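Below is one structure, written out as structure tokens; the observations come after it.
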Amino acid sequence: METADPTPHARSTDRDTAADGPPRTAPQLSLELLVHGVGGTTAQEMLGDPRVQLITGDDTAACYRRTDDADAEQRPDDYRGEPVREAYCWSNLTSGNGARALWLILVPFMVANLAHWMRPAAPSEHPAQRIYDLLVRILALTLTVLLAAAACEVALDLTAWQCAGTTVCAAGKSWMGFLSPDNSGWWSAPGRRLALASVVPLLVIGFLWGLSRRTWSAYESASPPPRLPGTSRDTPVAERTALSREGFWYGRRLVARLRAAHTTAGVLTVAAVLLAAAAKADGDGGHPVLAVTGRALTALVIVLAAATLIVVWRTARSEGAPDVSSDHLVVRALPFASLAVLALTMVHTGWARPGAHSHGPLPGADAFGGIAVFQGVLVLALAVTAWVLQRSARDDARTALRGMGGPAVALLACAVGGVLSGGVAQRFADWLDGGATPGQAHAPIPGPPVLLSWQASVIPVLLVVVAAVAVLAAIRVVIVRNRVTKDVPGLYDPREQPDAGRTKRIAATIAGAGLTDSAPVLIAATSAVTLVLGAGAVIGAWLTGRAPGRATEGAPPVVHAAAETAESLGSWLMGAGVILLITMGRRAYRDHSARRTIGILWDVGTFWPRAAHPFAPPCYAERAVPDLTWRMATWTERFDGRLVLSGHSQGSVLAAAAVWQLDLVTRSRVALLTYGSPLERLYGRWFPAFFGPPALTGLHREMDDWRNLWRFTDPIGGPIRLTCEGGRRIDQGPLRDPLSFGRTLQNPLPAQILGHGDYQADPVFETVRAELIARLGPDLPGQRPADERVKGRQDQGSSGRSSG
């Protein structure tokens with residue numbers, strides 16, 4: 001097995017002379033490094049050989065070769081004119097057993113983290129960028145508080161306060177018997193019940209802390225290889241992206257700081273709920289000493305909360321170099337200080353208060369409304385900041401939602417967080433009270449906060465809007481299909497017999513693939529309706545103080561029936577959403593086809609480092625990008641070779657990110673081949689500050705060459721939309737799909753519509769691949785002629801994706 005030199009040393013300027021002796025006489029090797037895409041595949045499938053051998057790596061991610069090619073470097077004469085093929089398999093970074101489907105519960109955190117990376121492509125020195133990043137980090141912190149509050153709602157309010165304190169509710173629940181006041185046991189006091197139940201949300205926070213720390217050690221700790229000094233060959237400052245900075249994929253210290261802050265915020269939320277309950281009892285004639293103790297503990301909670309906000313305020317990404325320094329003692333001590341305050345609060349709350357009893361909802365239940373309002377204010381402030389940044393953006397021609405993608409996604413993160421927390425609370429309350437409906441006249445317990453019932457009641461309306469947008473999208477597919485149908489036969493040999501049914505299938509595939517470009521419309525509509533309905537739910541809850549069904553008791557029967565139906569249906573939908581999310585996640589890890597479907601959004605979401613929320617699913621690119629960078633840097637250094645980096649789908653994004661991380665000498669020896677690539681279609685539009693046209697232009701400028709293959713039938717990949725002054729295009733396409741229209745002598749059976757997969761089956765693929773390998777040539781790649789440099793303009797001509 002080959003072992004790579006751990007540190008690429010400084011390279012000689014004369015590549016034709018070895019560092020220690022005579023000129024080289026052996027032919028120089030070329031390496032073709034294959035990177036698969038969403039859903040993953042095996043090394044055997046990538047290399048087309050059942051016998052493969054691991055070259056470097058581990059069970060999580062590794063490079064493989066055909067067994068016959070394992071010692072290719074010792075036999076360079078056998079590979080004249082043909083590169084050694086090597087496959088980098090990274091699918092285990094995003095897949096695993098069914099238990100990892102629970103990561104889908106962390107979707108709100110992942111979506112909030114995406115909002116950080118969706119900022120418009122304004123100049124790096126623009127002051128609004130810091131404001132944007134700060135707003136996203138604070139909004140992410142509110143999601144952690146919301147999660148802790150939801151856990152407190154289930155464990156403290158519904159279980160320990162409402163149900164355990166009500167004889168009718170506690171009857172028949174043997175596991176709750178020792179908490180019931182009828183038993184007059186030690187744990188039957190309300191404060192002690194709450195102190196005991198607070199262990200549940202604490203365990204939830206501890207689980208997230210442990211999961212974040214474990215994945216942090218495995219993902220954020222992969223350091224990039226050392227690079228030769230130098231900035232850029234002749235790339236303008238506007239074309240340099242943060243993805244090329246040495247510390248971009250090393251977020252170890254940042255995630256540790258955010259983890260400490262969010263853990264502290266979660267623990268303090270539990271302490272605040274306990275203090276609110278104790279303050280209610282002490283304010284009703286309780287012991288004066290306990291009242292003083294409660295105020296002192298409240299002051300400590302406020303001080304620690306302020307320290308947490310300061311840590312979040314001052315925690316910004318440092319990407320110039322890997323940040324290997326340790327955190328301040330104050331930051332590391334914050335979680336332990338919050339745990340100490342919580343322990344004191346549990347003792348304070350559980351202290352004997354004769355005559356205390358629990359009735360009604362737990363004090364502080366209105367905090368859900370406060371969190372919702374604060375999140376709405378943050379989203380609006382984020383939208384204003386994004387608008388300011390968009391006005392200074394370098395290129396906004398194709399930016400999704402005109403730079404409002406970040407605020408829209410942030411709003412959806414808050415909405416999903418509210419649905420998950422409300423769904424769990426609603427379903428748990430329904431289970432506790434048996435056949436009754438929580439909050440109704442004869443229900444044994446009041447149930448969850450009124451705001452959650454109002455939020456549930458607006459979900460059916462939101463689904464109606466989403467369904468209407470889906471219907472409009474389906475109509476658009478039909479219209480585009482009918483328009484494209486007449487053009488399909490012209491793409492093929494006229495001697496092939498046209499088939500009306502097959503023509504419609506091809507046209508429908510093209511029209512369906514174009515729906516990806518309509519995603520901004522769906523997200524904009526969903527976000528706008530969510531904002532309006534969410535504001536209406538908060539206003540309705542605060543004005544009426546009752547659930548929608550009870551608030552409309554005096555209204556006309558039609559209105560009252562509609563309100564009750566919406567509340568009941570929405571409650572079930574909230575609970576079903578939680579179950580559906582877990583079910584889809586488990587299926588995605590068991591069913592390969594489901595993995596490809598769900599994995600599109602999941603792999604896009606987890607591609608980015610955890611810059612806003614430390615409890616988001618781990619970023620696989622912080623392992624995969626350094627892997628690829630180390631492999632390319634060490635191989636070209638040891639064997640003085642050239643390299644073709646071949647990436648499909650999400651693998652093309654990893655490939656581009658890895659090339660940006662190379663030093664300039666190595667980068668000029670690498671050619672890039674992408675196919676089915678979402679680099680411009682998804683990443684360029686939604687993340688313009690990092691993958692916009694200027695950044696992609698700079699990438700091509702500093703490489704040996706770059707070619708991109710795409711099809712109209714591909715729902716994910718698309719053109720890069722950049723051309724060269726000499727007339728050479730990066731984009732090669734659109735490729736014909738299927739390869740043959742009818743039955744021919746060469747293809748007697750109907751050819752398959754390939755869509756996003758199997759680009760290697762097209763003869764154009766092998767032609768372009770051979771051209772790239774030939775361009776590498778036997779000599780050191782130098783500066784390309786001026787007429788071949790990227791001009792950096794968007795190609796609005798035939799290389800652009802047609803709308804139909």
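Each chain in the structure tokens gets a letter, A, B, ..., in the order shown, and its residues are numbered from 1; ligands are numbered from 1 in order too.
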Can you tell me, as a list of chain:residue names, what residues are no more than 12 Å from Pro288 in chain A when counting only C-alpha atoms, ignoring any on the same chain fewer than 6 positions away? A:Ala279, A:Ala281, A:Asp282, A:Gly294, A:Arg295, A:Arg353
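Around range 477-493 of chain A, within 7 Å and counting only C-alpha atoms, the residues found are Ala473, Ala474, Ile475, Arg495, Glu496, Pro498, Thr503, Lys504, Ala507, Ala508, Ala511, Gly512, Phe741 and Gly804 of chain A, once anything fewer than 2 positions away on its own chain is removed.
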For the selection just defined, write its residues with C-alpha atoms to a file, as a short mmCIF file (atom, residue, chain, number, x, y, z; two decimals), in the first residue's frame.
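Generated output (out10.cif):
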data_model
loop_
_atom_site.label_atom_id
_atom_site.label_comp_id
_atom_site.auth_asym_id
_atom_site.auth_seq_id
_atom_site.Cartn_x
_atom_site.Cartn_y
_atom_site.Cartn_z
CA ALA A 473 -45.42 23.94 -11.15
CA ALA A 474 -47.12 20.86 -12.59
CA ILE A 475 -49.00 23.04 -15.08
CA ARG A 495 -33.46 8.45 -40.34
CA GLU A 496 -34.56 7.30 -36.89
CA PRO A 498 -40.04 9.28 -34.55
CA THR A 503 -40.89 12.05 -27.69
CA LYS A 504 -43.29 13.06 -24.91
CA ALA A 507 -39.82 16.26 -23.34
CA ALA A 508 -41.42 15.57 -19.95
CA ALA A 511 -39.50 19.91 -18.38
CA GLY A 512 -39.30 18.14 -15.02
CA PHE A 741 -34.00 8.33 -30.33
CA GLY A 804 -37.84 24.79 -22.14
#
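Nearest to Leu662 in chain A of all the residues A:Gly718, A:Lys173, A:Leu682, A:Asp627 is A:Asp627, counting only C-alpha atoms.
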Using only C-alpha atoms, can you tell me which of A:Leu34, A:Val200, A:Ala612, A:Arg227 comes closest to Leu141 in chain A? A:Ala612
Contacts of range 640-653 of chain A at 6 Å (only C-alpha atoms; same-chain gap of 3+ positions) as a ChimeraX atom specification: /A:28-38,636-637,656,669-677
Determine, counting only C-alpha atoms, which protein, DNA and RNA residues have an atom within 9 Å of an atom of Leu339 in chain A; residues of the same chain fewer than 2 positions away are not included. Present the result as a ChimeraX atom specification. /A:264,267-268,271,334-337,341-344
Need to verify the contact set: Pro407 in chain A, 6 Å, only C-alpha atoms, exclusion of same-chain residues closer than 2 positions in sequence. Can you return it as number ranges by chain? A: 379, 382-383, 404-405, 409-410
Can I get the selected residues back with N, CA and C atoms, as a CSV table (one decimal), in the first residue's frame?
chain,number,residue,atom,x,y,z
A,379,VAL,N,-35.3,38.0,11.7
A,379,VAL,CA,-35.5,37.7,10.3
A,379,VAL,C,-35.6,39.0,9.5
A,382,LEU,N,-32.4,40.7,9.3
A,382,LEU,CA,-31.6,40.0,8.4
A,382,LEU,C,-31.9,40.4,6.9
A,383,ALA,N,-33.2,40.5,6.7
A,383,ALA,CA,-33.6,40.9,5.3
A,383,ALA,C,-33.2,42.3,4.9
A,404,MET,N,-32.2,37.5,-1.2
A,404,MET,CA,-33.1,37.3,0.0
A,404,MET,C,-33.1,35.8,0.4
A,405,GLY,N,-32.2,35.0,-0.2
A,405,GLY,CA,-32.3,33.6,0.1
A,405,GLY,C,-32.0,33.3,1.6
A,409,VAL,N,-34.5,31.4,4.1
A,409,VAL,CA,-34.2,30.2,4.7
A,409,VAL,C,-34.1,30.2,6.2
A,410,ALA,N,-33.7,31.4,6.8
A,410,ALA,CA,-33.7,31.6,8.2
A,410,ALA,C,-35.1,31.5,8.8
Give me the residues of range 101-138 of chain A that have any atom at most 6 Å from an atom of range 684-690 of chain A; for each, the nearest atom pair and the distance in Å, rounded to one decimal. Use only C-alpha atoms, sort by chain and number, and format it as a tab-separated table.
residue	atom	partner	partner_atom	distance
A:Met118	CA	A:Phe687	CA	4.7
A:Pro120	CA	A:Ala689	CA	5.7
A:Ala121	CA	A:Ala689	CA	3.8
Just write the chosen residues, all heavy atoms, as a PDB file, in the first residue's frame.
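The new file again-v2.pdb reads:
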ATOM      1  N   MET A 118     -25.495  32.046   2.728  1.00  0.00           N
ATOM      2  CA  MET A 118     -26.286  32.546   1.604  1.00  0.00           C
ATOM      3  C   MET A 118     -26.222  34.061   1.463  1.00  0.00           C
ATOM      4  O   MET A 118     -27.012  34.632   0.710  1.00  0.00           O
ATOM      5  CB  MET A 118     -27.751  32.115   1.766  1.00  0.00           C
ATOM      6  CG  MET A 118     -27.996  30.657   1.478  1.00  0.00           C
ATOM      7  SD  MET A 118     -29.748  30.253   1.589  1.00  0.00           S
ATOM      8  CE  MET A 118     -29.733  28.564   0.956  1.00  0.00           C
ATOM      9  N   PRO A 120     -25.356  37.746   0.229  1.00  0.00           N
ATOM     10  CA  PRO A 120     -25.032  38.230  -1.124  1.00  0.00           C
ATOM     11  C   PRO A 120     -23.531  38.457  -1.298  1.00  0.00           C
ATOM     12  O   PRO A 120     -22.775  38.591  -0.337  1.00  0.00           O
ATOM     13  CB  PRO A 120     -25.812  39.548  -1.214  1.00  0.00           C
ATOM     14  CG  PRO A 120     -26.923  39.397  -0.232  1.00  0.00           C
ATOM     15  CD  PRO A 120     -26.354  38.591   0.892  1.00  0.00           C
ATOM     16  N   ALA A 121     -23.114  38.535  -2.551  1.00  0.00           N
ATOM     17  CA  ALA A 121     -21.694  38.610  -2.889  1.00  0.00           C
ATOM     18  C   ALA A 121     -21.191  40.049  -2.859  1.00  0.00           C
ATOM     19  O   ALA A 121     -20.644  40.560  -3.835  1.00  0.00           O
ATOM     20  CB  ALA A 121     -21.446  37.990  -4.260  1.00  0.00           C
TER      21      ALA A 121
END
Can you list every residue of range 112-175 of chain A that has an atom at most 6 Å from range 416-433 of chain A, with its nearest atom pair and the distance in Å to one decimal, using only C-alpha atoms, ordered by chain then number, as a tab-separated table?
residue	atom	partner	partner_atom	distance
A:Ala150	CA	A:Ser421	CA	5.3
A:Val154	CA	A:Ala425	CA	5.7
A:Cys169	CA	A:Asp433	CA	5.9
From a DSSP calculation on the backbone, collect every residue of range 137-233 of chain A in alpha helix (DSSP H) and output the set as an MDAnalysis selection string. chainID A and resid 137:152 167:170 190:197 199:218
Output C-alpha atoms for every residue in the selection just made, as a compact mmCIF listing (two decimals), in the first residue's frame.
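Contents of out-v9.txt, as written:
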# COMPACT_ATOMS: atom_id res chain seq x y z
CA ARG A 137 -25.62 33.49 14.94
CA ILE A 138 -28.11 35.07 17.34
CA LEU A 139 -31.03 33.56 15.45
CA ALA A 140 -29.33 30.16 15.66
CA LEU A 141 -29.02 30.67 19.42
CA THR A 142 -32.77 31.26 19.68
CA LEU A 143 -33.34 27.87 18.03
CA THR A 144 -31.36 26.20 20.82
CA VAL A 145 -33.41 28.10 23.39
CA LEU A 146 -36.58 27.00 21.57
CA LEU A 147 -35.47 23.36 21.68
CA ALA A 148 -34.71 23.57 25.41
CA ALA A 149 -38.05 25.33 26.02
CA ALA A 150 -39.89 22.59 24.10
CA ALA A 151 -38.19 19.89 26.18
CA CYS A 152 -39.17 21.80 29.34
CA THR A 167 -55.55 13.13 39.94
CA VAL A 168 -57.60 12.36 36.83
CA CYS A 169 -54.58 12.63 34.53
CA ALA A 170 -52.18 10.72 36.78
CA PRO A 190 -44.61 20.55 42.91
CA GLY A 191 -41.11 21.97 43.23
CA ARG A 192 -39.53 18.55 43.69
CA ARG A 193 -41.46 17.17 40.75
CA LEU A 194 -40.13 19.97 38.60
CA ALA A 195 -36.58 19.51 39.87
CA LEU A 196 -36.71 15.82 39.01
CA ALA A 197 -38.28 16.40 35.59
CA VAL A 199 -33.23 16.06 34.22
CA VAL A 200 -35.00 15.23 30.92
CA PRO A 201 -34.25 18.51 29.08
CA LEU A 202 -30.78 18.46 30.60
CA LEU A 203 -30.21 15.03 29.04
CA VAL A 204 -31.42 16.35 25.67
CA ILE A 205 -28.93 19.21 25.83
CA GLY A 206 -26.20 16.85 27.00
CA PHE A 207 -26.91 14.51 24.10
CA LEU A 208 -26.58 17.34 21.58
CA TRP A 209 -23.40 18.53 23.29
CA GLY A 210 -21.91 15.02 23.14
CA LEU A 211 -22.93 14.49 19.51
CA SER A 212 -21.46 17.84 18.51
CA ARG A 213 -18.23 17.14 20.37
CA ARG A 214 -17.83 13.66 18.89
CA THR A 215 -18.41 14.81 15.32
CA TRP A 216 -16.22 17.88 15.99
CA SER A 217 -13.29 15.60 16.79
CA ALA A 218 -13.88 13.56 13.62
For Ala87 in chain A, which of A:Leu628, A:Ala761, A:Ala299, A:Ala566 is the closest residue, counting only C-alpha atoms? A:Leu628
Would you mind listing what lies within 8 Å of Pro626 in chain A as an MDAnalysis selection string, with only C-alpha atoms counted and same-chain residues fewer than 6 positions away left out? chainID A and resid 222:225 249 658
Let me make sure I understand: among A:Ala352, A:Pro50, A:Val461, A:Glu86, which one has the smallest atom-to-atom distance to Glu567 in chain A if we use only C-alpha atoms? A:Val461
Residues of range 722-779 of chain A classed as strand (DSSP E or B) by DSSP on the backbone are to be reported as JSON, numbers by chain. {"A": [722, 723, 724, 729, 731, 732, 733, 734, 735]}
